[in-house]
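Enquirer: First the structure, which I've put down as structure tokens, then a few questions once you've had a look.
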Amino acid sequence: LSYRLKLAAQRPLDRMRSGVSGSLVQATRTMMGMRKMAPGFVGGVHRQFSSHSNRSFLRMTSCTRQGGLSGSMSRAVMRARPDGAIRFQSSSAHAHEHVARGEIEILTAAAKETLHLFPTWLQIELRTDHAGEFGAVEIYKGALIGARLRDRVGFSGAPTDRMIAFCEHHMHTEQVHYEVMLELVPPSNRTKLQGVWMLAARGLGFAPALLGPRALYWTIMAVETFVEEHYQDQIIRLRRENELPALTQLFEILCADEVEHRNEAVRELFGSADAPETINAGLVIQMWCRLVDFGSRAAVAASKII
């Protein structure tokens with residue numbers, strides 16, 4: 001009787017161990033096979049992870065809706081403590097950042113395998129994308145110089161510290177984007193105006209940051225609004241032609257990053273990414289934003305030719 005009772009108690013444990021072991025084996029096989037899966041599977045993984053993050057951080061826009069990406073995919077979004085210091089979202093946001101970085105690497109490798117299939121219009125657009133991501137990195141380099149100079153001359157404090165953290169975080173993301181373009185755009189297809197764009201971009205970041213955080217946030221909002229439109233035009237055409245799914249998904253992720261950068265700038269200005277973007281925008285600010293938009297469009301046009 002004692003033996004039978006012991007055997008009866010042991011059977012559920014054996015079943016549980018068997019189930020756990022089987023689950024681990026299945027998970028391992030799934031991870032090992034992930035790189036061999038079709039790009040559509042990667043998008044599914046991204047959406048699965050994205051659905052658990054805080055949806056209040058990233059406003060849904062045309063880019064994120066059509067791209068199928070959750071607007072909640074927030075990467076280490078800044079928040080302020082009561083003392084005004086900066087911290088970034090913890091573990092879950094960092095986990096999403098690592099997932100997105102891994103997905104970008106997989107999709108970049110997949111897109112690189114199809115370089116020979118890129119139509120002429122796409123090669124021209126990629127030329128401008130390369131110039132744009134290079135310029136984005138330089139904008140934040142210039143902004144950091146201006147912000148740190150502002151700090152040294154006596155305008156230190158929580159707002160300046162927030163601006164520096166804002167620039168450092170965004171520059172890291174833009175550097176990832178630029179590395180993607182280095183993989184997809186051969187040297188022979190890159191603009192010859194990089195020296196000009198470096199000076200222009202650094203000045204575009206430096207001057208507003210030196211004036212103050214709000215001037216920089218307005219500038220970033222204007223830049224990223226144009227960049228979202230630029231990426232979205234390419235995404236729509238790629239979806240219509242439906243021949244390069246990996247590149248399409250890659251552009252959707254890059255576009256979502258740019259939307260997030262704009263929304264973070266809007267949050268710094270108004271306290272919410274859903275605030276009307278024209279509120280408190282005086283004539284000078286409106287003119288400046290239009291000038292930034294015009295300059296961005298002119299740079300794209302020039303990069304297509306030279």
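Following the order of the structure tokens, chains are lettered A, B, ..., residues in each are numbered from 1, and ligands are numbered from 1.
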List the neighbours of region 139-142 of chain A out to 8 Å using only C-alpha atoms; skip same-chain residues closer than 6 positions along the sequence, and give me the result as a PyMOL selection string.
Expert: chain A and resi 167-168+170-171+201-206
Enquirer: So that I can check the secondary structure, give me every residue of region 61-298 of chain A assigned helix (DSSP H, G or I) by backbone DSSP, as a PyMOL selection string.
Expert: chain A and resi 62-67+91-112+115-117+120-152+158-184+187-189+194-211+213-241+245-270+283-298
Enquirer: Determine, for each residue of region 121-233 of chain A having at least one atom at most 8 Å from an atom of region 288-305 of chain A, the closest pair of atoms and their separation in Å to one decimal, counting only C-alpha atoms; order by chain and ascending number, as a tab-separated table.
Expert:
residue	atom	partner	partner_atom	distance
A:Ile124	CA	A:Lys304	CA	6.0
A:Glu125	CA	A:Lys304	CA	7.4
A:Arg127	CA	A:Lys304	CA	6.7
A:Thr128	CA	A:Val300	CA	5.6
A:Ala131	CA	A:Ser303	CA	7.1
A:Gly132	CA	A:Val300	CA	7.7
A:Thr191	CA	A:Ser303	CA	5.4
A:Lys192	CA	A:Ser303	CA	7.8
A:Leu193	CA	A:Ser303	CA	7.1
A:Trp197	CA	A:Ala299	CA	7.9
A:Trp218	CA	A:Cys289	CA	7.3
A:Thr219	CA	A:Cys289	CA	6.6
A:Ala222	CA	A:Cys289	CA	5.5
A:Val223	CA	A:Asp293	CA	6.6
A:Phe226	CA	A:Asp293	CA	6.4
Enquirer: When you look at Tyr231 (chain A) with a cut-off of 9 Å (counting only C-alpha atoms), what residues show up, excluding the ones that are within fewer than 2 positions of it in the same chain? I need them as a count of residues only.
Expert: 14
Enquirer: From the list A:Phe118, A:Phe134, A:Tyr217, A:Phe270, which residue is nearest Val176 (chain A) when using only C-alpha atoms?
Expert: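 The closest residue to Val176 (chain A) is A:Phe134.
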Enquirer: Report the distance between CA of Pro119 (chain A) and CA of Arg190 (chain A) in Å, rounded to one decimal place.
Expert: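 Separation between CA of Pro119 (chain A) and CA of Arg190 (chain A): 16.0 Å.
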